[in-house]
Amino acid sequence: INNKAKLWEKQMSHSDLSLNLRLKKVKNNYQSMNIYKVKFKGKINQNHSTHDLLCQLKHRVNMTMLKSSDLPDSARNWSQYLPNKDIHEVVGKLKRCAVVSSAGSMKGSRLGQEIDSHDAVIRFNAAPTKGFETDVGSKTTFRLINSQVVTRREHHFLVDPIFKDGILVLWDPGQYNADTYQWYKKPEFNFFEPYRKYRMANLEQPFYIMKPQTLWQLWDIIQENSPELIHPNPVSSGSLGIMLMMNICDEVNVYEFLPSSRRTDLCYYYKRYFDTACTYGGYHPLIYEKNIIKKLNQGTVDNIYKNGKVTLPGIGDLQC
Ligand code: C5P
């Protein structure tokens with residue numbers, strides 16, 4: 001992958017010969033499998049203005065969380081634990097928010113202080129702060145987790161102190177066209193029982209679940225604004241977290257989602273594991289997610305290069 005593309009100075013695509021051949025094959029495989037039965041009805045390669053794109057994100061991606069009343073009565077044994085209050089009500093008005101990607105390029109960034117200076121910070125899955133404070137900070141206001149984290153034994157979800165800080169938000173992908181009932185009958189990972197157990201033991205900690213439609217609403221907009229067909233798979237946690245913060249904060253600073261000059265094949269700042277797919281997407285349509293974020297950046301190219309930092313506007317008060 002050439003340097004320019006790596007730094008996201010232009011939009012990236014899979015027809016880009018510089019992109020890793022293996023990642024292209026992985027994408028083709030997912031397209032022929034179409035696990036989530038994606039049937040995209042819109043038009044690709046639309047050239048929306050930044051303002052239009054922000055309005056689409058505001059009006060078409062529903063970031064309100066699942067409520068017990070969205071589910072059948074048979075789900076009561078766990079859905080009764082879903083919070084009644086909107087996230088807005090719980091956190092109040094937030095001015096500056098930080099999104100901390102888990103990328104290996106966070107390592108050695110010394111961005112910790114800057115990150116902690118925000119009113120709220122969102123982190124992902126099992127990304128730790130302990131021992132990494134200088135680079136990633138120590139404040140955790142939100143933690144967005146996928147249903148694997150909750151269900152796979154290696155994560156020790158019920159006992160690991162990592163998850164006890166801040167507001168938890170969980171997501172689990174359903175089929176592209178599934179309504180809430182259909183998703184409930186066939187979630188990707190059966191998180192209901194661990195959710196119930198966790199809630200019973202930690203009733204004071206807010207713990208939301210995203211509506212299953214939300215990720216596909218965002219996927220549609222990414223597909224419409226991409227030059228080619230994208231992976232027919234869920235968007236990454238990173239993009240969902242960015243969207244959540246854009247809905248509740250006035251300004252959102254995202255770190256190492258668009259890689260800085262520290263770009264590396266090291267997948268995570270907290271693990272010795274190397275794979276280009278982590279940054280450019282194997283399963284997720286990650287380069288296309290990143291193209292959109294690059295388009296919406298209000299900060300400088302220099303800030304991407306030095307800090308992997310992108311500045312996005314809040315959309316809560318946006319006039320469309
Ligand atoms: O893998 P996981 O979803 O836990 O990582 C959190 C998020 O950080 C990802 O969803 C992705 O958006 C972002 N990420 C990245 N580059 C990496 C690793 C993670 O952009 N190398």
# chains A, B, ... in the order shown; residues from 1 in each chain; ligands from 1
call {"tool": "closest_atom_pairs", "arguments": {"of": "chain A", "to": "ligand 1", "cutoff": "7 Å", "atoms": "only C-alpha atoms and all ligand atoms", "output": "JSON lines"}}
result
{"residue": "A:Ser101", "atom": "CA", "partner": "ligand 1", "partner_atom_place_in_ligand_line": "8 (O)", "distance": 3.9}
{"residue": "A:Ser102", "atom": "CA", "partner": "ligand 1", "partner_atom_place_in_ligand_line": "8 (O)", "distance": 4.4}
{"residue": "A:Ala103", "atom": "CA", "partner": "ligand 1", "partner_atom_place_in_ligand_line": "17 (C)", "distance": 3.6}
{"residue": "A:Gly104", "atom": "CA", "partner": "ligand 1", "partner_atom_place_in_ligand_line": "21 (N)", "distance": 5.6}
{"residue": "A:Phe124", "atom": "CA", "partner": "ligand 1", "partner_atom_place_in_ligand_line": "6 (C)", "distance": 5.0}
{"residue": "A:Asn125", "atom": "CA", "partner": "ligand 1", "partner_atom_place_in_ligand_line": "4 (O)", "distance": 4.9}
{"residue": "A:Ala126", "atom": "CA", "partner": "ligand 1", "partner_atom_place_in_ligand_line": "4 (O)", "distance": 6.7}
{"residue": "A:Ala127", "atom": "CA", "partner": "ligand 1", "partner_atom_place_in_ligand_line": "4 (O)", "distance": 6.9}
{"residue": "A:Ser236", "atom": "CA", "partner": "ligand 1", "partner_atom_place_in_ligand_line": "10 (O)", "distance": 4.1}
{"residue": "A:Ser237", "atom": "CA", "partner": "ligand 1", "partner_atom_place_in_ligand_line": "10 (O)", "distance": 3.8}
{"residue": "A:Gly238", "atom": "CA", "partner": "ligand 1", "partner_atom_place_in_ligand_line": "12 (O)", "distance": 3.2}
{"residue": "A:Ser239", "atom": "CA", "partner": "ligand 1", "partner_atom_place_in_ligand_line": "12 (O)", "distance": 5.8}
{"residue": "A:Glu256", "atom": "CA", "partner": "ligand 1", "partner_atom_place_in_ligand_line": "20 (O)", "distance": 6.6}
{"residue": "A:Phe257", "atom": "CA", "partner": "ligand 1", "partner_atom_place_in_ligand_line": "20 (O)", "distance": 4.3}
{"residue": "A:Leu258", "atom": "CA", "partner": "ligand 1", "partner_atom_place_in_ligand_line": "20 (O)", "distance": 6.7}
{"residue": "A:Leu266", "atom": "CA", "partner": "ligand 1", "partner_atom_place_in_ligand_line": "21 (N)", "distance": 6.7}
{"residue": "A:Cys267", "atom": "CA", "partner": "ligand 1", "partner_atom_place_in_ligand_line": "21 (N)", "distance": 4.3}
{"residue": "A:Tyr268", "atom": "CA", "partner": "ligand 1", "partner_atom_place_in_ligand_line": "18 (C)", "distance": 5.5}
{"residue": "A:Cys278", "atom": "CA", "partner": "ligand 1", "partner_atom_place_in_ligand_line": "21 (N)", "distance": 4.2}
{"residue": "A:Thr279", "atom": "CA", "partner": "ligand 1", "partner_atom_place_in_ligand_line": "16 (N)", "distance": 3.7}
call {"tool": "select_by_dssp", "arguments": {"residues": "segment 190-298 of chain A", "states": "strand (DSSP E or B)", "output": "list in words"}}
result
Phe207, Tyr208, Ile209, Met210, Cys249, Asp250, Glu251, Val252, Asn253, Val254, Tyr255, Leu266, Tyr268 and Phe274 of chain A
call {"tool": "residues_around", "arguments": {"residues": "Tyr283 of chain A", "least_positions_apart": "3", "cutoff": "9 Å", "atoms": "only C-alpha atoms", "output": "list in words"}}
result
Val26, Lys27, Tyr30, His231, Pro232, Asn233, Pro234, Val235, Ser236, Ala277 and Leu286 of chain A
call {"tool": "write_last_selection", "arguments": {"atoms": "N, CA, C and O atoms", "output": "PDB file, in the first residue's frame"}}
result
ATOM      1  N   VAL A  26     -10.563 -11.621   0.218  1.00  0.00           N
ATOM      2  CA  VAL A  26     -11.450 -11.771   1.378  1.00  0.00           C
ATOM      3  C   VAL A  26     -12.774 -11.076   1.103  1.00  0.00           C
ATOM      4  O   VAL A  26     -13.857 -11.621   1.334  1.00  0.00           O
ATOM      5  N   LYS A  27     -12.691  -9.868   0.547  1.00  0.00           N
ATOM      6  CA  LYS A  27     -13.919  -9.120   0.241  1.00  0.00           C
ATOM      7  C   LYS A  27     -14.771  -9.873  -0.783  1.00  0.00           C
ATOM      8  O   LYS A  27     -15.983 -10.015  -0.614  1.00  0.00           O
ATOM      9  N   TYR A  30     -16.633 -12.695   0.859  1.00  0.00           N
ATOM     10  CA  TYR A  30     -17.797 -12.249   1.630  1.00  0.00           C
ATOM     11  C   TYR A  30     -18.937 -11.867   0.692  1.00  0.00           C
ATOM     12  O   TYR A  30     -20.110 -12.095   0.991  1.00  0.00           O
ATOM     13  N   HIS A 231     -18.132  -4.477   1.334  1.00  0.00           N
ATOM     14  CA  HIS A 231     -18.359  -5.755   2.007  1.00  0.00           C
ATOM     15  C   HIS A 231     -19.802  -5.815   2.520  1.00  0.00           C
ATOM     16  O   HIS A 231     -20.229  -4.880   3.203  1.00  0.00           O
ATOM     17  N   PRO A 232     -20.526  -6.903   2.242  1.00  0.00           N
ATOM     18  CA  PRO A 232     -21.913  -6.998   2.717  1.00  0.00           C
ATOM     19  C   PRO A 232     -21.968  -7.476   4.171  1.00  0.00           C
ATOM     20  O   PRO A 232     -22.710  -8.392   4.518  1.00  0.00           O
ATOM     21  N   ASN A 233     -21.184  -6.837   5.004  1.00  0.00           N
ATOM     22  CA  ASN A 233     -21.034  -7.207   6.424  1.00  0.00           C
ATOM     23  C   ASN A 233     -21.228  -5.976   7.306  1.00  0.00           C
ATOM     24  O   ASN A 233     -21.114  -4.855   6.822  1.00  0.00           O
ATOM     25  N   PRO A 234     -21.471  -6.189   8.596  1.00  0.00           N
ATOM     26  CA  PRO A 234     -21.652  -5.047   9.506  1.00  0.00           C
ATOM     27  C   PRO A 234     -20.480  -4.060   9.479  1.00  0.00           C
ATOM     28  O   PRO A 234     -19.334  -4.465   9.261  1.00  0.00           O
ATOM     29  N   VAL A 235     -20.785  -2.791   9.712  1.00  0.00           N
ATOM     30  CA  VAL A 235     -19.736  -1.786   9.870  1.00  0.00           C
ATOM     31  C   VAL A 235     -18.992  -2.069  11.179  1.00  0.00           C
ATOM     32  O   VAL A 235     -19.488  -2.792  12.036  1.00  0.00           O
ATOM     33  N   SER A 236     -17.821  -1.496  11.329  1.00  0.00           N
ATOM     34  CA  SER A 236     -17.017  -1.771  12.528  1.00  0.00           C
ATOM     35  C   SER A 236     -17.561  -1.016  13.740  1.00  0.00           C
ATOM     36  O   SER A 236     -18.261  -0.004  13.603  1.00  0.00           O
ATOM     37  N   ALA A 277      -5.492  -6.387   7.972  1.00  0.00           N
ATOM     38  CA  ALA A 277      -6.961  -6.347   7.894  1.00  0.00           C
ATOM     39  C   ALA A 277      -7.550  -5.505   9.022  1.00  0.00           C
ATOM     40  O   ALA A 277      -8.637  -4.937   8.873  1.00  0.00           O
ATOM     41  N   LEU A 286     -14.179  -1.542   6.143  1.00  0.00           N
ATOM     42  CA  LEU A 286     -13.471  -0.525   6.916  1.00  0.00           C
ATOM     43  C   LEU A 286     -12.869   0.604   6.085  1.00  0.00           C
ATOM     44  O   LEU A 286     -12.924   1.767   6.485  1.00  0.00           O
TER      45      LEU A 286
END
call {"tool": "select_by_dssp", "arguments": {"residues": "segment 5-69 of chain A", "states": "alpha helix (DSSP H)", "output": "VMD selection string"}}
result
chain A and resid 5 to 6 21 to 33 50 to 60
call {"tool": "write_last_selection", "arguments": {"atoms": "N, CA, C and O atoms", "output": "short mmCIF file (atom, residue, chain, number, x, y, z; two decimals), in the first residue's frame"}}
result
data_model
loop_
_atom_site.label_atom_id
_atom_site.label_comp_id
_atom_site.auth_asym_id
_atom_site.auth_seq_id
_atom_site.Cartn_x
_atom_site.Cartn_y
_atom_site.Cartn_z
N ALA A 5 -1.95 6.65 -0.01
CA ALA A 5 -3.20 5.98 0.30
C ALA A 5 -3.26 5.69 1.80
O ALA A 5 -4.28 5.87 2.43
N LYS A 6 -2.14 5.26 2.35
CA LYS A 6 -2.11 4.93 3.77
C LYS A 6 -2.49 6.11 4.64
O LYS A 6 -3.09 5.96 5.67
N LEU A 21 -3.61 -7.71 -2.01
CA LEU A 21 -4.38 -8.66 -2.81
C LEU A 21 -5.23 -9.59 -1.94
O LEU A 21 -6.36 -9.92 -2.27
N ARG A 22 -4.67 -9.98 -0.82
CA ARG A 22 -5.40 -10.89 0.08
C ARG A 22 -6.71 -10.26 0.56
O ARG A 22 -7.75 -10.90 0.60
N LEU A 23 -6.65 -8.96 0.89
CA LEU A 23 -7.86 -8.29 1.39
C LEU A 23 -8.93 -8.20 0.31
O LEU A 23 -10.12 -8.25 0.59
N LYS A 24 -8.48 -8.08 -0.95
CA LYS A 24 -9.45 -8.08 -2.06
C LYS A 24 -10.16 -9.42 -2.16
O LYS A 24 -11.36 -9.49 -2.38
N LYS A 25 -9.38 -10.49 -2.01
CA LYS A 25 -9.96 -11.84 -2.11
C LYS A 25 -10.94 -12.07 -0.97
O LYS A 25 -12.02 -12.64 -1.16
N VAL A 26 -10.56 -11.62 0.22
CA VAL A 26 -11.45 -11.77 1.38
C VAL A 26 -12.77 -11.08 1.10
O VAL A 26 -13.86 -11.62 1.33
N LYS A 27 -12.69 -9.87 0.55
CA LYS A 27 -13.92 -9.12 0.24
C LYS A 27 -14.77 -9.87 -0.78
O LYS A 27 -15.98 -10.01 -0.61
N ASN A 28 -14.13 -10.37 -1.85
CA ASN A 28 -14.87 -11.13 -2.87
C ASN A 28 -15.57 -12.34 -2.26
O ASN A 28 -16.71 -12.64 -2.61
N ASN A 29 -14.88 -13.02 -1.35
CA ASN A 29 -15.49 -14.17 -0.68
C ASN A 29 -16.74 -13.78 0.09
O ASN A 29 -17.77 -14.43 -0.01
N TYR A 30 -16.63 -12.69 0.86
CA TYR A 30 -17.80 -12.25 1.63
C TYR A 30 -18.94 -11.87 0.69
O TYR A 30 -20.11 -12.09 0.99
N GLN A 31 -18.59 -11.27 -0.46
CA GLN A 31 -19.65 -10.89 -1.40
C GLN A 31 -20.36 -12.10 -1.96
O GLN A 31 -21.58 -12.08 -2.13
N SER A 32 -19.62 -13.18 -2.23
CA SER A 32 -20.32 -14.35 -2.76
C SER A 32 -21.09 -15.09 -1.67
O SER A 32 -22.11 -15.70 -1.95
N MET A 33 -20.64 -15.02 -0.43
CA MET A 33 -21.38 -15.69 0.66
C MET A 33 -22.62 -14.88 1.09
O MET A 33 -23.64 -15.43 1.39
N THR A 50 -20.71 17.63 1.92
CA THR A 50 -20.50 17.27 3.32
C THR A 50 -21.76 17.55 4.13
O THR A 50 -22.17 16.72 4.95
N HIS A 51 -22.41 18.67 3.88
CA HIS A 51 -23.61 19.03 4.63
C HIS A 51 -24.72 18.00 4.39
O HIS A 51 -25.38 17.55 5.33
N ASP A 52 -24.92 17.62 3.13
CA ASP A 52 -25.93 16.61 2.80
C ASP A 52 -25.66 15.30 3.51
O ASP A 52 -26.55 14.66 4.05
N LEU A 53 -24.38 14.91 3.47
CA LEU A 53 -23.97 13.65 4.09
C LEU A 53 -24.27 13.67 5.59
O LEU A 53 -24.82 12.71 6.15
N LEU A 54 -23.96 14.80 6.25
CA LEU A 54 -24.25 14.91 7.68
C LEU A 54 -25.75 14.82 7.94
O LEU A 54 -26.19 14.19 8.90
N CYS A 55 -26.54 15.44 7.07
CA CYS A 55 -28.01 15.39 7.25
C CYS A 55 -28.53 13.97 7.05
O CYS A 55 -29.43 13.53 7.77
N GLN A 56 -27.98 13.25 6.09
CA GLN A 56 -28.36 11.84 5.89
C GLN A 56 -28.06 11.03 7.15
O GLN A 56 -28.87 10.25 7.61
N LEU A 57 -26.86 11.25 7.69
CA LEU A 57 -26.46 10.51 8.89
C LEU A 57 -27.38 10.85 10.05
O LEU A 57 -27.78 9.99 10.83
N LYS A 58 -27.76 12.12 10.15
CA LYS A 58 -28.63 12.53 11.25
C LYS A 58 -30.03 11.93 11.12
O LYS A 58 -30.59 11.45 12.08
N HIS A 59 -30.58 11.96 9.91
CA HIS A 59 -31.99 11.57 9.77
C HIS A 59 -32.21 10.10 9.48
O HIS A 59 -33.29 9.58 9.72
N ARG A 60 -31.21 9.42 8.95
CA ARG A 60 -31.45 8.02 8.56
C ARG A 60 -30.84 7.00 9.50
O ARG A 60 -31.19 5.82 9.45
#
call {"tool": "residues_around", "arguments": {"residues": "Thr64 of chain A", "least_positions_apart": "4", "cutoff": "9 Å", "atoms": "only C-alpha atoms", "output": "list in words"}}
result
Asp86, Ile87, Met210, Lys211 and Thr214 of chain A
call {"tool": "residues_around", "arguments": {"residues": "Phe163 of chain A", "least_positions_apart": "6", "cutoff": "12 Å", "atoms": "only C-alpha atoms", "output": "ChimeraX atom specification"}}
result
/A:123-129,140-145,149-150,155-157,169-170,198,202,205-207
call {"tool": "write_last_selection", "arguments": {"atoms": "N, CA and C atoms", "output": "short mmCIF file (atom, residue, chain, number, x, y, z; two decimals), in the first residue's frame"}}
result
data_model
loop_
_atom_site.label_atom_id
_atom_site.label_comp_id
_atom_site.auth_asym_id
_atom_site.auth_seq_id
_atom_site.Cartn_x
_atom_site.Cartn_y
_atom_site.Cartn_z
N ARG A 123 -14.51 4.04 24.27
CA ARG A 123 -13.54 2.99 23.92
C ARG A 123 -14.30 1.76 23.44
N PHE A 124 -13.55 0.78 22.95
CA PHE A 124 -14.19 -0.35 22.29
C PHE A 124 -13.80 -1.71 22.87
N ASN A 125 -14.79 -2.55 22.97
CA ASN A 125 -14.58 -3.95 23.35
C ASN A 125 -13.66 -4.08 24.55
N ALA A 126 -12.63 -4.91 24.47
CA ALA A 126 -11.81 -5.15 25.66
C ALA A 126 -10.57 -4.25 25.72
N ALA A 127 -10.61 -3.09 25.05
CA ALA A 127 -9.44 -2.20 25.05
C ALA A 127 -9.18 -1.64 26.45
N PRO A 128 -8.00 -1.92 27.01
CA PRO A 128 -7.70 -1.49 28.38
C PRO A 128 -7.15 -0.06 28.43
N THR A 129 -7.20 0.55 29.61
CA THR A 129 -6.49 1.81 29.84
C THR A 129 -5.32 1.56 30.80
N THR A 140 -13.01 6.69 30.86
CA THR A 140 -13.91 5.90 30.01
C THR A 140 -15.35 6.29 30.35
N THR A 141 -16.00 6.99 29.44
CA THR A 141 -17.40 7.38 29.67
C THR A 141 -18.35 6.38 29.03
N PHE A 142 -17.92 5.85 27.88
CA PHE A 142 -18.70 4.84 27.17
C PHE A 142 -17.78 3.70 26.76
N ARG A 143 -18.34 2.49 26.74
CA ARG A 143 -17.62 1.38 26.12
C ARG A 143 -18.59 0.65 25.21
N LEU A 144 -18.26 0.65 23.92
CA LEU A 144 -19.10 -0.03 22.94
C LEU A 144 -18.55 -1.44 22.73
N ILE A 145 -19.41 -2.42 22.97
CA ILE A 145 -18.94 -3.81 22.90
C ILE A 145 -19.81 -4.61 21.94
N VAL A 149 -17.92 -10.29 22.71
CA VAL A 149 -17.21 -9.96 23.96
C VAL A 149 -18.00 -10.49 25.17
N VAL A 150 -19.32 -10.42 25.04
CA VAL A 150 -20.19 -10.82 26.13
C VAL A 150 -20.32 -12.35 26.23
N HIS A 155 -13.21 -13.66 27.34
CA HIS A 155 -13.33 -12.27 27.77
C HIS A 155 -13.75 -12.10 29.24
N HIS A 156 -14.21 -13.15 29.88
CA HIS A 156 -14.61 -13.09 31.30
C HIS A 156 -15.47 -11.86 31.56
N PHE A 157 -16.47 -11.68 30.72
CA PHE A 157 -17.26 -10.45 30.74
C PHE A 157 -17.87 -10.13 32.11
N VAL A 169 -22.57 -0.06 25.96
CA VAL A 169 -23.50 -0.15 24.82
C VAL A 169 -23.11 -1.39 24.03
N LEU A 170 -24.07 -2.30 23.85
CA LEU A 170 -23.79 -3.55 23.15
C LEU A 170 -24.48 -3.57 21.79
N TYR A 198 -25.32 -9.98 33.95
CA TYR A 198 -24.49 -8.79 34.20
C TYR A 198 -25.33 -7.68 34.82
N ASN A 202 -24.95 -5.67 38.34
CA ASN A 202 -24.44 -4.29 38.21
C ASN A 202 -25.57 -3.33 37.82
N GLN A 205 -24.99 0.42 36.81
CA GLN A 205 -24.26 0.81 35.60
C GLN A 205 -25.19 0.78 34.38
N PRO A 206 -25.38 1.94 33.70
CA PRO A 206 -26.24 1.92 32.52
C PRO A 206 -25.68 0.96 31.46
N PHE A 207 -26.54 0.20 30.86
CA PHE A 207 -26.11 -0.80 29.88
C PHE A 207 -27.17 -0.87 28.78
#
call {"tool": "atom_distance", "arguments": {"atom1": "atom CA of Ile162 of chain A", "atom2": "atom CA of Pro187 of chain A"}}
result
24.7 Å
call {"tool": "closest_residue", "arguments": {"among": "A:Tyr184, A:Val91, A:Ile44, A:Arg272", "to": "Ser74 of chain A", "atoms": "only C-alpha atoms"}}
result
A:Tyr184
call {"tool": "closest_residue", "arguments": {"among": "A:Lys290, A:Arg76, A:Lys95, A:Lys186", "to": "Pro313 of chain A", "atoms": "only C-alpha atoms"}}
result
A:Lys95
call {"tool": "closest_atom_pairs", "arguments": {"of": "segment 37-152 of chain A", "to": "segment 190-193 of chain A", "cutoff": "10 Å", "atoms": "only C-alpha atoms", "output": "Markdown table"}}
result
| residue | atom | partner | partner_atom | distance |
| --- | --- | --- | --- | --- |
| A:Ala75 | CA | A:Phe192 | CA | 8.7 |
| A:Asn77 | CA | A:Glu193 | CA | 8.9 |
| A:Trp78 | CA | A:Phe192 | CA | 6.2 |
| A:Ser79 | CA | A:Phe192 | CA | 8.3 |
| A:Asn146 | CA | A:Phe191 | CA | 9.6 |
| A:Ser147 | CA | A:Phe191 | CA | 6.0 |
| A:Gln148 | CA | A:Phe191 | CA | 8.0 |
| A:Val149 | CA | A:Phe191 | CA | 9.3 |
| A:Val150 | CA | A:Phe191 | CA | 6.3 |
| A:Thr151 | CA | A:Phe191 | CA | 5.9 |
| A:Arg152 | CA | A:Phe191 | CA | 9.6 |
call {"tool": "write_last_selection", "arguments": {"atoms": "N, CA and C atoms", "output": "PDB file, in the first residue's frame"}}
result
ATOM      1  N   ALA A  75     -39.413 -11.933  25.741  1.00  0.00           N
ATOM      2  CA  ALA A  75     -38.050 -11.457  26.012  1.00  0.00           C
ATOM      3  C   ALA A  75     -37.932 -10.773  27.372  1.00  0.00           C
ATOM      4  N   ASN A  77     -37.710 -11.574  30.401  1.00  0.00           N
ATOM      5  CA  ASN A  77     -36.754 -12.001  31.437  1.00  0.00           C
ATOM      6  C   ASN A  77     -35.403 -11.276  31.322  1.00  0.00           C
ATOM      7  N   TRP A  78     -35.022 -10.817  30.121  1.00  0.00           N
ATOM      8  CA  TRP A  78     -33.818  -9.983  30.034  1.00  0.00           C
ATOM      9  C   TRP A  78     -34.138  -8.555  29.608  1.00  0.00           C
ATOM     10  N   SER A  79     -35.180  -8.375  28.779  1.00  0.00           N
ATOM     11  CA  SER A  79     -35.431  -7.023  28.247  1.00  0.00           C
ATOM     12  C   SER A  79     -35.936  -6.078  29.339  1.00  0.00           C
ATOM     13  N   ASN A 146     -19.208  -5.576  21.264  1.00  0.00           N
ATOM     14  CA  ASN A 146     -20.019  -6.445  20.417  1.00  0.00           C
ATOM     15  C   ASN A 146     -20.421  -7.687  21.207  1.00  0.00           C
ATOM     16  N   SER A 147     -21.368  -8.420  20.660  1.00  0.00           N
ATOM     17  CA  SER A 147     -21.962  -9.535  21.409  1.00  0.00           C
ATOM     18  C   SER A 147     -20.981 -10.692  21.619  1.00  0.00           C
ATOM     19  N   GLN A 148     -19.890 -10.718  20.847  1.00  0.00           N
ATOM     20  CA  GLN A 148     -18.875 -11.758  21.083  1.00  0.00           C
ATOM     21  C   GLN A 148     -18.156 -11.553  22.404  1.00  0.00           C
ATOM     22  N   VAL A 149     -17.916 -10.286  22.714  1.00  0.00           N
ATOM     23  CA  VAL A 149     -17.213  -9.962  23.959  1.00  0.00           C
ATOM     24  C   VAL A 149     -18.002 -10.488  25.165  1.00  0.00           C
ATOM     25  N   VAL A 150     -19.322 -10.425  25.043  1.00  0.00           N
ATOM     26  CA  VAL A 150     -20.188 -10.819  26.134  1.00  0.00           C
ATOM     27  C   VAL A 150     -20.323 -12.346  26.225  1.00  0.00           C
ATOM     28  N   THR A 151     -20.226 -13.000  25.072  1.00  0.00           N
ATOM     29  CA  THR A 151     -20.520 -14.438  25.051  1.00  0.00           C
ATOM     30  C   THR A 151     -19.293 -15.344  25.040  1.00  0.00           C
ATOM     31  N   ARG A 152     -18.139 -14.819  24.600  1.00  0.00           N
ATOM     32  CA  ARG A 152     -16.967 -15.714  24.525  1.00  0.00           C
ATOM     33  C   ARG A 152     -16.249 -15.777  25.855  1.00  0.00           C
TER      34      ARG A 152
END
call {"tool": "residues_around", "arguments": {"residues": "Thr311 of chain A", "least_positions_apart": "2", "cutoff": "9 Å", "atoms": "only C-alpha atoms", "output": "list in words"}}
result
Glu251, Val252, Asn253, Val254, Leu296, Asn297, Gln298, Gly299, Thr300, Lys309 and Pro313 of chain A
call {"tool": "closest_residue", "arguments": {"among": "A:Cys249, A:Thr264, A:Asp275, A:Pro259", "to": "Asn303 of chain A", "atoms": "only C-alpha atoms"}}
result
A:Pro259
call {"tool": "closest_residue", "arguments": {"among": "A:Thr134, A:Asn45, A:Gln80, A:Asn177", "to": "Ile221 of chain A", "atoms": "only C-alpha atoms"}}
result
A:Asn45
call {"tool": "decode", "arguments": {"residues": "segment 163-174 of chain A", "atoms": "N, CA and C atoms", "output": "PDB file, in the first residue's frame"}}
result
ATOM      1  N   PHE A 163     -14.781  -3.778  32.241  1.00  0.00           N
ATOM      2  CA  PHE A 163     -16.123  -3.432  31.777  1.00  0.00           C
ATOM      3  C   PHE A 163     -16.946  -2.655  32.807  1.00  0.00           C
ATOM      4  N   LYS A 164     -16.386  -2.462  34.008  1.00  0.00           N
ATOM      5  CA  LYS A 164     -17.181  -1.887  35.093  1.00  0.00           C
ATOM      6  C   LYS A 164     -17.249  -0.359  35.070  1.00  0.00           C
ATOM      7  N   ASP A 165     -16.455   0.265  34.179  1.00  0.00           N
ATOM      8  CA  ASP A 165     -16.358   1.724  34.099  1.00  0.00           C
ATOM      9  C   ASP A 165     -17.259   2.272  33.006  1.00  0.00           C
ATOM     10  N   GLY A 166     -18.009   3.328  33.290  1.00  0.00           N
ATOM     11  CA  GLY A 166     -18.741   4.014  32.240  1.00  0.00           C
ATOM     12  C   GLY A 166     -20.017   3.322  31.797  1.00  0.00           C
ATOM     13  N   ILE A 167     -20.613   3.864  30.743  1.00  0.00           N
ATOM     14  CA  ILE A 167     -21.873   3.357  30.209  1.00  0.00           C
ATOM     15  C   ILE A 167     -21.572   2.305  29.152  1.00  0.00           C
ATOM     16  N   LEU A 168     -22.187   1.127  29.278  1.00  0.00           N
ATOM     17  CA  LEU A 168     -21.968   0.079  28.287  1.00  0.00           C
ATOM     18  C   LEU A 168     -23.023   0.163  27.186  1.00  0.00           C
ATOM     19  N   VAL A 169     -22.569  -0.061  25.957  1.00  0.00           N
ATOM     20  CA  VAL A 169     -23.495  -0.152  24.821  1.00  0.00           C
ATOM     21  C   VAL A 169     -23.111  -1.393  24.026  1.00  0.00           C
ATOM     22  N   LEU A 170     -24.067  -2.297  23.853  1.00  0.00           N
ATOM     23  CA  LEU A 170     -23.789  -3.549  23.151  1.00  0.00           C
ATOM     24  C   LEU A 170     -24.478  -3.571  21.786  1.00  0.00           C
ATOM     25  N   TRP A 171     -23.802  -4.190  20.809  1.00  0.00           N
ATOM     26  CA  TRP A 171     -24.476  -4.393  19.513  1.00  0.00           C
ATOM     27  C   TRP A 171     -24.262  -5.808  19.028  1.00  0.00           C
ATOM     28  N   ASP A 172     -25.265  -6.286  18.309  1.00  0.00           N
ATOM     29  CA  ASP A 172     -25.216  -7.631  17.727  1.00  0.00           C
ATOM     30  C   ASP A 172     -25.876  -7.554  16.355  1.00  0.00           C
ATOM     31  N   PRO A 173     -25.213  -8.075  15.316  1.00  0.00           N
ATOM     32  CA  PRO A 173     -25.792  -7.945  13.984  1.00  0.00           C
ATOM     33  C   PRO A 173     -26.894  -8.952  13.704  1.00  0.00           C
ATOM     34  N   GLY A 174     -27.956  -8.480  13.081  1.00  0.00           N
ATOM     35  CA  GLY A 174     -28.986  -9.363  12.535  1.00  0.00           C
ATOM     36  C   GLY A 174     -28.861  -9.350  11.025  1.00  0.00           C
TER      37      GLY A 174
END
